[in-house]
Amino acid sequence: MLTPEEQLELQRVRDEFAKCEQKPTYEISCYEEMLEMDDGVKLRTIIYRPDREGAVPTIVVRTCYPQNDYLYRATAEEYCRRGFNYIYQYCRGTGGSEGEWEPNVNERSDGKKTIDWICEQEWVGDTGYTGCSYLSLTGWLIADILPEKVKTMYLTHYGAQRFVSAFQDGMFRHDVLTAWTMENAGYPVTADYLESCMYHPQVEVDEKLWGKKIPWYRQWITSTDRSDPYWNTGFWNLLKEIPSRVKVPLYVGEGWYDHHLASAIETYKSLSNECKAKSRFLIGAWEHGFHVKLQDKEGTHFENDDILRTFSWFWDFLVEKKEPESQIDYYVIGDDSWYTRKNFEIENQKELNLYIGEKKDGIYTLGKEKEAGEGTLTWIFDPEHPVMTHGAESLLVTKEEQGSLLQPEPNYREDVISCISEPFEEAVTVVGKMQVKLTVSADVDDTAFVAKIMEVTADGKAYNMRTGITTLGYRNQSDERQTYTPGDKVTITIDTWDLAWKIQKGSRIRIDLTSSDFPQYSVHSNYAGCWAKQEKVRRAQESVYFGGEADSYIRLPII
């Protein structure tokens with residue numbers, strides 16, 4: 001029996017297809033095959049076919065989520081009634097398929113065997129592959145070894161640069177990968193989620209709290225360097241190299257608040273020129289589940305339902321035989337509009353720097369000119385009491401905190417230091433990566449620095465735009481851990497993910513400086529070394545220097 005939420009989701013699928021120009025005209029049949037893989041394991045494959053003669057257009061999906069079977073069947077029926085074959089298969093060890101469930105590693109060989117078998121069938125015509133999240137991964141893993149019948153792929157909310165989805169300057173994305181591991185361990189995990197994220201050492205949380213050793217999770221959390229062999233050999237290296245070899249046109253879909261965004265952008269940039277010339281990249285205002293996450297912002301152009309966009313893509317390719325030209329579309333937050341361009345990089349883009357300055361009315365300032373005299377702001381970072389995530393771009397299970405949300409008052413904790421600008425005299429549109437550059441020091445050999453960037457509207461309400469984090473060990477986006485001597489002044493850059501956002505006339509920019517953002521990121525122990533192996537934590541004093549010889553400012557890329 002479906003839950004009320006599942007019933008609503010099912011009805012949404014039906015309602016969207018009811019809007020489709022192509023009306024259901026075919027009777028359908030459904031049957032199952034247990035397809036044998038190269039090693040003898042058989043995978044459960046569900047096949048929907050319309051009552052049409054000859055080879056007909058075909059849609060293929062591979063999934064590991066049997067809890068969504070009711071949605072797959074509803075979608076398959078809607079496609080099939082409009083003349084498509086629709087075939088979905090469960091990955092090994094899931095949904096009635098044989099074998100042992102181990103994420104990722106078997107999907108290339110199993111996917112290749114499956115897509116080849118499908119395309120060998122005489123009743124299969126031009127074919128498209130689709131998937132979101134892990135289902136998108138199964139597509140990326142065969143994107144460079146497709147049979148000739150596969151004409152296009154529609155892949156959303158995933159990127160082939162796995163390290164980018166796992167780490168930011170040595171800080172692990174708990175709410176994505178720890179949460180996903182607990183839900184997809186292959187056995188029930190009943191431990192408390194937040195307690196699990198705070199466990200020390202994290203490398204033992206699987207055995208100590210979850211009841212069983214999970215080798216692949218241990219590899220994820222201990223491979224903290226982008227240059228580690230784990231990310232640059234074997235499976236993950238293969239995945240990140242595949243986009244450069246893809247030839248078929250792609251639709252790549254993302255959201256400003258989806259946790260795969262940064263990886264997907266790198267993936268799109270790495271596509272072959274042949275692929276890019278006929279592919280589309282779209283970024284909307286939504287999160288992983290296509291829900292718009294912009295508190296107090298109304299809009300009439302969100303266009304966040306992907307159901308008919310997917311169908312239209314395949315109808316144009318597989319039925320009408322149309323091919324698109326290269327196009328990048330993204331939603332501009334605050335303008336309720338879509339911006340289209342041919343290339344990801346913007347020529348002649350300007351930069352606006354706002355420098356941290358002395359306090360005014362109890363809050364540090366942000367100004368267009370750097371102050372002559374040097375000042376210092378400080379706070380104490382206690383890992384036992386982290387700043388909790390509220391408004392974020394990289395969450396999965398803590399959905400209520402995802403997106404752009406109304407923020408607390410400035411300086412709402414002793415370890416949160418706020419800086420705020422004067423009102424903008426004209427509206428400004430930010431497109432790209434905002435950065436916060438700081439001159440800092442700490443009294444420990446490693447620690448973290450966090451910057452949250454907000455728009456403060458004319459009525460004084462602050463809404464997060466982006467959050468960034470870095471560490472002294474991985475400062476300035478180092479691929480390998482660096483050393484730091486306590487007390488030394490160093491310059492750090494806190495990178496954020498790309499964004500398109502219109503700052504309104506009369507609004508201000510506010511940044512909050514602190515040292516944690518949990519559970520979006522792991523909490524730093526304030527000890528040097530691999531975060532997952534730290535057995536204890538300690539307090540640290542953090543300092544940021546501004547004015548004089550110090551460089552501490554926010555950089556806004558504007559158009």
# chains A, B, ... in the order shown; residues from 1 in each chain; ligands from 1

$ closest_atom_pairs --of "region 331-431 of chain A" --to "region 257-270 of chain A" --cutoff "10 Å" --atoms "only C-alpha atoms" --output "Markdown table"
| residue | atom | partner | partner_atom | distance |
| --- | --- | --- | --- | --- |
| A:Asn343 | CA | A:Lys269 | CA | 9.4 |
| A:Phe344 | CA | A:Lys269 | CA | 7.7 |
| A:Glu345 | CA | A:Lys269 | CA | 9.7 |
| A:Gly391 | CA | A:Tyr257 | CA | 9.7 |
| A:Ala392 | CA | A:Tyr257 | CA | 7.3 |
| A:Glu393 | CA | A:Tyr257 | CA | 4.4 |
| A:Ser394 | CA | A:His259 | CA | 4.1 |
| A:Leu395 | CA | A:His259 | CA | 6.1 |
| A:Leu396 | CA | A:His259 | CA | 7.2 |
| A:Gln402 | CA | A:Tyr257 | CA | 7.1 |
| A:Gly403 | CA | A:Tyr257 | CA | 5.7 |
| A:Ser404 | CA | A:Tyr257 | CA | 8.4 |

$ residues_around --residues "Tyr230 (chain A)" --least-positions-apart "5" --cutoff "9 Å" --atoms "only C-alpha atoms" --output "mmCIF file with all heavy atoms, in the first residue's frame"
data_model
loop_
_atom_site.group_PDB
_atom_site.id
_atom_site.type_symbol
_atom_site.label_atom_id
_atom_site.label_comp_id
_atom_site.auth_asym_id
_atom_site.auth_seq_id
_atom_site.Cartn_x
_atom_site.Cartn_y
_atom_site.Cartn_z
ATOM 1 N N GLN A 219 37.019 3.568 2.352
ATOM 2 C CA GLN A 219 37.848 4.122 1.275
ATOM 3 C C GLN A 219 37.440 5.551 0.948
ATOM 4 O O GLN A 219 38.289 6.425 0.740
ATOM 5 C CB GLN A 219 37.743 3.236 0.032
ATOM 6 C CG GLN A 219 38.490 1.925 0.146
ATOM 7 C CD GLN A 219 38.410 1.128 -1.143
ATOM 8 O OE1 GLN A 219 37.323 0.847 -1.657
ATOM 9 N NE2 GLN A 219 39.561 0.762 -1.678
ATOM 10 N N TRP A 220 36.134 5.800 0.898
ATOM 11 C CA TRP A 220 35.669 7.156 0.609
ATOM 12 C C TRP A 220 36.226 8.153 1.620
ATOM 13 O O TRP A 220 36.762 9.194 1.246
ATOM 14 C CB TRP A 220 34.141 7.213 0.672
ATOM 15 C CG TRP A 220 33.435 6.594 -0.488
ATOM 16 C CD1 TRP A 220 33.997 6.071 -1.621
ATOM 17 C CD2 TRP A 220 32.025 6.426 -0.626
ATOM 18 N NE1 TRP A 220 33.020 5.589 -2.454
ATOM 19 C CE2 TRP A 220 31.807 5.793 -1.874
ATOM 20 C CE3 TRP A 220 30.924 6.745 0.161
ATOM 21 C CZ2 TRP A 220 30.515 5.484 -2.335
ATOM 22 C CZ3 TRP A 220 29.651 6.434 -0.293
ATOM 23 C CH2 TRP A 220 29.456 5.806 -1.533
ATOM 24 N N SER A 223 40.261 8.749 1.712
ATOM 25 C CA SER A 223 40.954 9.202 0.496
ATOM 26 C C SER A 223 40.711 10.698 0.332
ATOM 27 O O SER A 223 39.951 11.143 -0.523
ATOM 28 C CB SER A 223 40.450 8.420 -0.720
ATOM 29 O OG SER A 223 40.656 7.037 -0.550
ATOM 30 N N PHE A 235 38.067 2.284 -10.905
ATOM 31 C CA PHE A 235 36.693 2.648 -11.236
ATOM 32 C C PHE A 235 36.475 4.148 -11.324
ATOM 33 O O PHE A 235 35.924 4.657 -12.306
ATOM 34 C CB PHE A 235 35.742 2.040 -10.199
ATOM 35 C CG PHE A 235 34.312 2.428 -10.409
ATOM 36 C CD1 PHE A 235 33.518 1.723 -11.288
ATOM 37 C CD2 PHE A 235 33.764 3.509 -9.743
ATOM 38 C CE1 PHE A 235 32.192 2.081 -11.507
ATOM 39 C CE2 PHE A 235 32.440 3.875 -9.942
ATOM 40 C CZ PHE A 235 31.650 3.160 -10.833
ATOM 41 N N TRP A 236 36.885 4.897 -10.293
ATOM 42 C CA TRP A 236 36.571 6.332 -10.268
ATOM 43 C C TRP A 236 37.355 7.097 -11.327
ATOM 44 O O TRP A 236 36.864 8.092 -11.862
ATOM 45 C CB TRP A 236 36.829 6.901 -8.884
ATOM 46 C CG TRP A 236 35.920 6.319 -7.851
ATOM 47 C CD1 TRP A 236 36.261 5.542 -6.788
ATOM 48 C CD2 TRP A 236 34.482 6.435 -7.803
ATOM 49 N NE1 TRP A 236 35.142 5.171 -6.078
ATOM 50 C CE2 TRP A 236 34.042 5.710 -6.682
ATOM 51 C CE3 TRP A 236 33.538 7.077 -8.605
ATOM 52 C CZ2 TRP A 236 32.687 5.613 -6.333
ATOM 53 C CZ3 TRP A 236 32.199 6.989 -8.269
ATOM 54 C CH2 TRP A 236 31.790 6.266 -7.147
ATOM 55 N N ASN A 237 38.550 6.640 -11.637
ATOM 56 C CA ASN A 237 39.298 7.268 -12.716
ATOM 57 C C ASN A 237 38.629 7.004 -14.055
ATOM 58 O O ASN A 237 38.526 7.893 -14.908
ATOM 59 C CB ASN A 237 40.730 6.747 -12.727
ATOM 60 C CG ASN A 237 41.595 7.491 -13.725
ATOM 61 O OD1 ASN A 237 41.828 8.684 -13.595
ATOM 62 N ND2 ASN A 237 42.069 6.792 -14.751
#

$ closest_residue --among "A:Pro188, A:Pro249, A:Gly255, A:Gly170" --to "Tyr154 (chain A)" --atoms "only C-alpha atoms"
A:Pro249

$ residues_around --residues "region 173-184 of chain A" --least-positions-apart "6" --cutoff "6 Å" --atoms "only C-alpha atoms" --output "ChimeraX atom specification"
/A:166,395-396,519-522

$ write_last_selection --atoms "N, CA and C atoms" --output "CSV table (one decimal), in the first residue's frame"
chain,number,residue,atom,x,y,z
A,166,ALA,N,32.5,14.3,-3.0
A,166,ALA,CA,32.8,13.8,-1.7
A,166,ALA,C,33.5,14.8,-0.8
A,395,LEU,N,23.1,19.0,0.6
A,395,LEU,CA,22.5,18.2,1.5
A,395,LEU,C,21.6,17.1,0.8
A,396,LEU,N,21.4,16.0,1.5
A,396,LEU,CA,20.6,14.9,0.9
A,396,LEU,C,19.4,14.5,1.8
A,519,PRO,N,25.4,19.2,9.4
A,519,PRO,CA,26.1,18.0,8.8
A,519,PRO,C,26.4,18.2,7.3
A,520,GLN,N,26.3,19.4,6.8
A,520,GLN,CA,26.7,19.5,5.4
A,520,GLN,C,28.1,19.1,5.2
A,521,TYR,N,29.0,19.4,6.2
A,521,TYR,CA,30.4,18.9,6.1
A,521,TYR,C,30.7,18.3,7.5
A,522,SER,N,31.8,17.5,7.4
A,522,SER,CA,32.3,16.9,8.7
A,522,SER,C,32.8,18.0,9.6

$ select_by_dssp --residues "region 65-286 of chain A" --states "alpha helix (DSSP H)" --output "MDAnalysis selection string"
chainID A and resid 69:81 107:120 134:140 162:166 179:183 193:197 205 215:222 229:232 234:241 261:269 273:276

$ residues_around --residues "Ser136 (chain A)" --least-positions-apart "5" --cutoff "7 Å" --atoms "only C-alpha atoms" --output "list in words"
Thr130, Gly131, Leu155, Thr156 and Tyr158 of chain A

$ write_last_selection --atoms "all heavy atoms" --output "mmCIF file, in the first residue's frame"
data_model
loop_
_atom_site.group_PDB
_atom_site.id
_atom_site.type_symbol
_atom_site.label_atom_id
_atom_site.label_comp_id
_atom_site.auth_asym_id
_atom_site.auth_seq_id
_atom_site.Cartn_x
_atom_site.Cartn_y
_atom_site.Cartn_z
ATOM 1 N N THR A 130 17.932 6.975 -19.861
ATOM 2 C CA THR A 130 17.633 8.060 -18.943
ATOM 3 C C THR A 130 17.846 7.635 -17.500
ATOM 4 O O THR A 130 17.771 6.444 -17.166
ATOM 5 C CB THR A 130 16.184 8.558 -19.134
ATOM 6 O OG1 THR A 130 15.968 9.705 -18.304
ATOM 7 C CG2 THR A 130 15.171 7.484 -18.765
ATOM 8 N N GLY A 131 18.103 8.622 -16.649
ATOM 9 C CA GLY A 131 18.251 8.336 -15.228
ATOM 10 C C GLY A 131 18.607 9.585 -14.450
ATOM 11 O O GLY A 131 19.201 10.525 -14.986
ATOM 12 N N LEU A 155 20.526 12.582 -18.674
ATOM 13 C CA LEU A 155 21.130 12.257 -17.382
ATOM 14 C C LEU A 155 21.072 13.464 -16.461
ATOM 15 O O LEU A 155 21.612 14.526 -16.785
ATOM 16 C CB LEU A 155 22.582 11.812 -17.591
ATOM 17 C CG LEU A 155 22.774 10.659 -18.591
ATOM 18 C CD1 LEU A 155 24.247 10.392 -18.815
ATOM 19 C CD2 LEU A 155 22.052 9.390 -18.119
ATOM 20 N N THR A 156 20.436 13.302 -15.326
ATOM 21 C CA THR A 156 20.251 14.422 -14.410
ATOM 22 C C THR A 156 20.808 14.112 -13.024
ATOM 23 O O THR A 156 20.876 12.966 -12.598
ATOM 24 C CB THR A 156 18.765 14.790 -14.282
ATOM 25 O OG1 THR A 156 18.027 13.657 -13.805
ATOM 26 C CG2 THR A 156 18.194 15.228 -15.623
ATOM 27 N N TYR A 158 23.732 14.153 -11.461
ATOM 28 C CA TYR A 158 24.927 13.356 -11.179
ATOM 29 C C TYR A 158 26.085 13.937 -11.969
ATOM 30 O O TYR A 158 25.893 14.535 -13.029
ATOM 31 C CB TYR A 158 24.748 11.881 -11.557
ATOM 32 C CG TYR A 158 25.761 10.987 -10.879
ATOM 33 C CD1 TYR A 158 25.500 10.466 -9.616
ATOM 34 C CD2 TYR A 158 26.979 10.707 -11.473
ATOM 35 C CE1 TYR A 158 26.435 9.675 -8.963
ATOM 36 C CE2 TYR A 158 27.919 9.917 -10.832
ATOM 37 C CZ TYR A 158 27.645 9.410 -9.584
ATOM 38 O OH TYR A 158 28.575 8.646 -8.938
#

$ select_by_dssp --residues "region 407-507 of chain A" --states "strand (DSSP E or B)" --output "MDAnalysis selection string"
chainID A and resid 417:421 428:442 448:456 462:471 490:503

$ atom_distance --atom1 "CA of Ser507 (chain A)" --atom2 "CA of Ile558 (chain A)"
15.4 Å

$ residues_around --residues "Gln22 (chain A)" --least-positions-apart "6" --cutoff "10 Å" --atoms "only C-alpha atoms" --output "list in words"
Tyr79, Arg81, Arg82, Gly83, Phe311, Ser312 and Trp315 of chain A

$ write_last_selection --atoms "N, CA and C atoms" --output "mmCIF file, in the first residue's frame"
data_model
loop_
_atom_site.group_PDB
_atom_site.id
_atom_site.type_symbol
_atom_site.label_atom_id
_atom_site.label_comp_id
_atom_site.auth_asym_id
_atom_site.auth_seq_id
_atom_site.Cartn_x
_atom_site.Cartn_y
_atom_site.Cartn_z
ATOM 1 N N TYR A 79 4.779 6.131 -21.189
ATOM 2 C CA TYR A 79 5.586 6.093 -22.414
ATOM 3 C C TYR A 79 5.033 5.045 -23.393
ATOM 4 N N ARG A 81 2.072 3.708 -23.712
ATOM 5 C CA ARG A 81 0.789 4.055 -24.340
ATOM 6 C C ARG A 81 0.975 5.097 -25.453
ATOM 7 N N ARG A 82 2.119 5.749 -25.449
ATOM 8 C CA ARG A 82 2.418 6.738 -26.497
ATOM 9 C C ARG A 82 3.398 6.188 -27.532
ATOM 10 N N GLY A 83 3.584 4.862 -27.529
ATOM 11 C CA GLY A 83 4.307 4.228 -28.618
ATOM 12 C C GLY A 83 5.730 3.805 -28.345
ATOM 13 N N PHE A 311 10.333 13.545 -21.586
ATOM 14 C CA PHE A 311 9.562 12.936 -22.682
ATOM 15 C C PHE A 311 9.760 13.709 -23.984
ATOM 16 N N SER A 312 9.724 15.042 -23.898
ATOM 17 C CA SER A 312 9.880 15.861 -25.103
ATOM 18 C C SER A 312 11.242 15.652 -25.745
ATOM 19 N N TRP A 315 11.053 12.323 -27.510
ATOM 20 C CA TRP A 315 10.155 12.398 -28.656
ATOM 21 C C TRP A 315 10.851 13.083 -29.835
#

$ atom_distance --atom1 "CA of Gly375 (chain A)" --atom2 "CA of Ser543 (chain A)"
10.2 Å

$ closest_residue --among "A:His301, A:Lys213, A:Lys19, A:His524" --to "Thr447 (chain A)" --atoms "only C-alpha atoms"
A:His524

$ residues_around --residues "region 52-60 of chain A" --least-positions-apart "3" --cutoff "10 Å" --atoms "only C-alpha atoms" --output "ChimeraX atom specification"
/A:26-28,47-49,76,79-80,83-89,114-115,118-119,121-131,139,149-150,153,311,314-315,317-319

$ residues_around --residues "region 323-325 of chain A" --least-positions-apart "4" --cutoff "9 Å" --atoms "only C-alpha atoms" --output "PDB file with C-alpha atoms, in the first residue's frame"
ATOM      1  CA  PRO A 249      24.102  14.106 -27.718  1.00  0.00           C
ATOM      2  CA  LYS A 276      28.993  19.277 -26.612  1.00  0.00           C
ATOM      3  CA  ALA A 277      28.031  20.585 -30.056  1.00  0.00           C
ATOM      4  CA  LYS A 278      24.652  18.805 -29.803  1.00  0.00           C
ATOM      5  CA  SER A 279      24.091  18.704 -26.049  1.00  0.00           C
ATOM      6  CA  ARG A 280      22.134  20.776 -23.572  1.00  0.00           C
ATOM      7  CA  ASP A 316      12.224  14.918 -30.613  1.00  0.00           C
ATOM      8  CA  PHE A 317      15.220  12.580 -30.896  1.00  0.00           C
ATOM      9  CA  LYS A 342      26.453  28.779 -25.900  1.00  0.00           C
TER      10      LYS A 342
END

$ closest_residue --among "A:Lys208, A:Lys240, A:Lys293, A:Arg92" --to "Gly159 (chain A)" --atoms "only C-alpha atoms"
A:Lys240

$ atom_distance --atom1 "CA of Arg12 (chain A)" --atom2 "CA of Val292 (chain A)"
15.6 Å

$ closest_residue --among "A:Arg539, A:Lys437, A:His288, A:Arg481" --to "Arg226 (chain A)" --atoms "only C-alpha atoms"
A:Arg481

$ closest_atom_pairs --of "region 394-446 of chain A" --to "region 357-372 of chain A" --cutoff "9 Å" --atoms "only C-alpha atoms" --output "JSON lines"
{"residue": "A:Pro410", "atom": "CA", "partner": "A:Ile363", "partner_atom": "CA", "distance": 7.6}
{"residue": "A:Asn411", "atom": "CA", "partner": "A:Ile363", "partner_atom": "CA", "distance": 7.8}
{"residue": "A:Ile417", "atom": "CA", "partner": "A:Tyr364", "partner_atom": "CA", "distance": 8.0}
{"residue": "A:Ser418", "atom": "CA", "partner": "A:Ile363", "partner_atom": "CA", "distance": 6.2}
{"residue": "A:Cys419", "atom": "CA", "partner": "A:Tyr364", "partner_atom": "CA", "distance": 4.5}
{"residue": "A:Ile420", "atom": "CA", "partner": "A:Thr365", "partner_atom": "CA", "distance": 5.0}
{"residue": "A:Ser421", "atom": "CA", "partner": "A:Leu366", "partner_atom": "CA", "distance": 4.4}
{"residue": "A:Glu422", "atom": "CA", "partner": "A:Gly367", "partner_atom": "CA", "distance": 7.3}

$ decode --residues "region 164-196 of chain A" --atoms "N, CA and C atoms" --output "PDB file, in the first residue's frame"
ATOM      1  N   VAL A 164      34.837  15.426  -6.275  1.00  0.00           N
ATOM      2  CA  VAL A 164      34.217  16.730  -6.061  1.00  0.00           C
ATOM      3  C   VAL A 164      32.930  16.594  -5.258  1.00  0.00           C
ATOM      4  N   SER A 165      32.213  15.481  -5.435  1.00  0.00           N
ATOM      5  CA  SER A 165      30.981  15.250  -4.684  1.00  0.00           C
ATOM      6  C   SER A 165      31.255  14.778  -3.261  1.00  0.00           C
ATOM      7  N   ALA A 166      32.469  14.326  -2.997  1.00  0.00           N
ATOM      8  CA  ALA A 166      32.786  13.765  -1.682  1.00  0.00           C
ATOM      9  C   ALA A 166      33.467  14.758  -0.752  1.00  0.00           C
ATOM     10  N   PHE A 167      34.359  15.590  -1.280  1.00  0.00           N
ATOM     11  CA  PHE A 167      35.195  16.439  -0.426  1.00  0.00           C
ATOM     12  C   PHE A 167      35.222  17.887  -0.915  1.00  0.00           C
ATOM     13  N   GLN A 168      35.398  18.785   0.023  1.00  0.00           N
ATOM     14  CA  GLN A 168      35.739  20.174  -0.263  1.00  0.00           C
ATOM     15  C   GLN A 168      36.898  20.549   0.639  1.00  0.00           C
ATOM     16  N   ASP A 169      38.084  20.638   0.079  1.00  0.00           N
ATOM     17  CA  ASP A 169      39.286  21.029   0.828  1.00  0.00           C
ATOM     18  C   ASP A 169      39.456  20.206   2.099  1.00  0.00           C
ATOM     19  N   GLY A 170      39.304  18.883   1.962  1.00  0.00           N
ATOM     20  CA  GLY A 170      39.530  17.978   3.084  1.00  0.00           C
ATOM     21  C   GLY A 170      38.332  17.725   3.961  1.00  0.00           C
ATOM     22  N   MET A 171      37.228  18.423   3.723  1.00  0.00           N
ATOM     23  CA  MET A 171      36.021  18.257   4.536  1.00  0.00           C
ATOM     24  C   MET A 171      35.022  17.369   3.792  1.00  0.00           C
ATOM     25  N   PHE A 172      34.570  16.323   4.467  1.00  0.00           N
ATOM     26  CA  PHE A 172      33.709  15.306   3.856  1.00  0.00           C
ATOM     27  C   PHE A 172      32.248  15.742   3.908  1.00  0.00           C
ATOM     28  N   ARG A 173      31.519  15.414   2.842  1.00  0.00           N
ATOM     29  CA  ARG A 173      30.104  15.781   2.765  1.00  0.00           C
ATOM     30  C   ARG A 173      29.256  14.688   3.440  1.00  0.00           C
ATOM     31  N   HIS A 174      29.085  14.838   4.752  1.00  0.00           N
ATOM     32  CA  HIS A 174      28.360  13.849   5.545  1.00  0.00           C
ATOM     33  C   HIS A 174      26.935  13.633   5.061  1.00  0.00           C
ATOM     34  N   ASP A 175      26.214  14.737   4.847  1.00  0.00           N
ATOM     35  CA  ASP A 175      24.779  14.609   4.620  1.00  0.00           C
ATOM     36  C   ASP A 175      24.466  13.974   3.279  1.00  0.00           C
ATOM     37  N   VAL A 176      25.484  13.866   2.441  1.00  0.00           N
ATOM     38  CA  VAL A 176      25.312  13.164   1.177  1.00  0.00           C
ATOM     39  C   VAL A 176      25.787  11.718   1.324  1.00  0.00           C
ATOM     40  N   LEU A 177      27.064  11.531   1.594  1.00  0.00           N
ATOM     41  CA  LEU A 177      27.645  10.197   1.466  1.00  0.00           C
ATOM     42  C   LEU A 177      27.565   9.352   2.732  1.00  0.00           C
ATOM     43  N   THR A 178      27.677   9.941   3.902  1.00  0.00           N
ATOM     44  CA  THR A 178      27.454   9.143   5.116  1.00  0.00           C
ATOM     45  C   THR A 178      25.992   8.740   5.194  1.00  0.00           C
ATOM     46  N   ALA A 179      25.107   9.709   4.920  1.00  0.00           N
ATOM     47  CA  ALA A 179      23.674   9.401   4.945  1.00  0.00           C
ATOM     48  C   ALA A 179      23.322   8.342   3.910  1.00  0.00           C
ATOM     49  N   TRP A 180      23.870   8.471   2.684  1.00  0.00           N
ATOM     50  CA  TRP A 180      23.569   7.504   1.629  1.00  0.00           C
ATOM     51  C   TRP A 180      24.077   6.114   2.011  1.00  0.00           C
ATOM     52  N   THR A 181      25.246   6.062   2.620  1.00  0.00           N
ATOM     53  CA  THR A 181      25.810   4.777   3.039  1.00  0.00           C
ATOM     54  C   THR A 181      24.906   4.097   4.058  1.00  0.00           C
ATOM     55  N   MET A 182      24.418   4.854   5.032  1.00  0.00           N
ATOM     56  CA  MET A 182      23.552   4.270   6.052  1.00  0.00           C
ATOM     57  C   MET A 182      22.255   3.741   5.450  1.00  0.00           C
ATOM     58  N   GLU A 183      21.768   4.388   4.401  1.00  0.00           N
ATOM     59  CA  GLU A 183      20.512   3.961   3.775  1.00  0.00           C
ATOM     60  C   GLU A 183      20.720   2.848   2.745  1.00  0.00           C
ATOM     61  N   ASN A 184      21.947   2.696   2.257  1.00  0.00           N
ATOM     62  CA  ASN A 184      22.217   1.744   1.178  1.00  0.00           C
ATOM     63  C   ASN A 184      23.374   0.815   1.516  1.00  0.00           C
ATOM     64  N   ALA A 185      23.489   0.468   2.785  1.00  0.00           N
ATOM     65  CA  ALA A 185      24.593  -0.384   3.228  1.00  0.00           C
ATOM     66  C   ALA A 185      24.422  -1.825   2.786  1.00  0.00           C
ATOM     67  N   GLY A 186      23.212  -2.196   2.367  1.00  0.00           N
ATOM     68  CA  GLY A 186      22.937  -3.584   2.016  1.00  0.00           C
ATOM     69  C   GLY A 186      22.324  -4.357   3.159  1.00  0.00           C
ATOM     70  N   TYR A 187      22.151  -3.713   4.300  1.00  0.00           N
ATOM     71  CA  TYR A 187      21.502  -4.290   5.484  1.00  0.00           C
ATOM     72  C   TYR A 187      20.948  -3.121   6.299  1.00  0.00           C
ATOM     73  N   PRO A 188      19.980  -3.347   7.180  1.00  0.00           N
ATOM     74  CA  PRO A 188      19.384  -2.238   7.939  1.00  0.00           C
ATOM     75  C   PRO A 188      20.387  -1.611   8.913  1.00  0.00           C
ATOM     76  N   VAL A 189      20.517  -0.292   8.846  1.00  0.00           N
ATOM     77  CA  VAL A 189      21.336   0.461   9.791  1.00  0.00           C
ATOM     78  C   VAL A 189      20.389   1.320  10.627  1.00  0.00           C
ATOM     79  N   THR A 190      20.360   1.080  11.928  1.00  0.00           N
ATOM     80  CA  THR A 190      19.408   1.763  12.802  1.00  0.00           C
ATOM     81  C   THR A 190      20.058   2.796  13.707  1.00  0.00           C
ATOM     82  N   ALA A 191      21.356   2.986  13.590  1.00  0.00           N
ATOM     83  CA  ALA A 191      22.064   3.945  14.448  1.00  0.00           C
ATOM     84  C   ALA A 191      21.588   5.363  14.180  1.00  0.00           C
ATOM     85  N   ASP A 192      21.739   6.233  15.176  1.00  0.00           N
ATOM     86  CA  ASP A 192      21.384   7.637  15.020  1.00  0.00           C
ATOM     87  C   ASP A 192      22.313   8.295  14.003  1.00  0.00           C
ATOM     88  N   TYR A 193      21.722   9.040  13.086  1.00  0.00           N
ATOM     89  CA  TYR A 193      22.492   9.635  11.992  1.00  0.00           C
ATOM     90  C   TYR A 193      23.496  10.666  12.488  1.00  0.00           C
ATOM     91  N   LEU A 194      23.060  11.653  13.261  1.00  0.00           N
ATOM     92  CA  LEU A 194      23.979  12.704  13.711  1.00  0.00           C
ATOM     93  C   LEU A 194      25.047  12.150  14.647  1.00  0.00           C
ATOM     94  N   GLU A 195      24.669  11.214  15.484  1.00  0.00           N
ATOM     95  CA  GLU A 195      25.670  10.565  16.338  1.00  0.00           C
ATOM     96  C   GLU A 195      26.709   9.850  15.485  1.00  0.00           C
ATOM     97  N   SER A 196      26.259   9.228  14.416  1.00  0.00           N
ATOM     98  CA  SER A 196      27.186   8.545  13.515  1.00  0.00           C
ATOM     99  C   SER A 196      28.156   9.531  12.882  1.00  0.00           C
TER     100      SER A 196
END
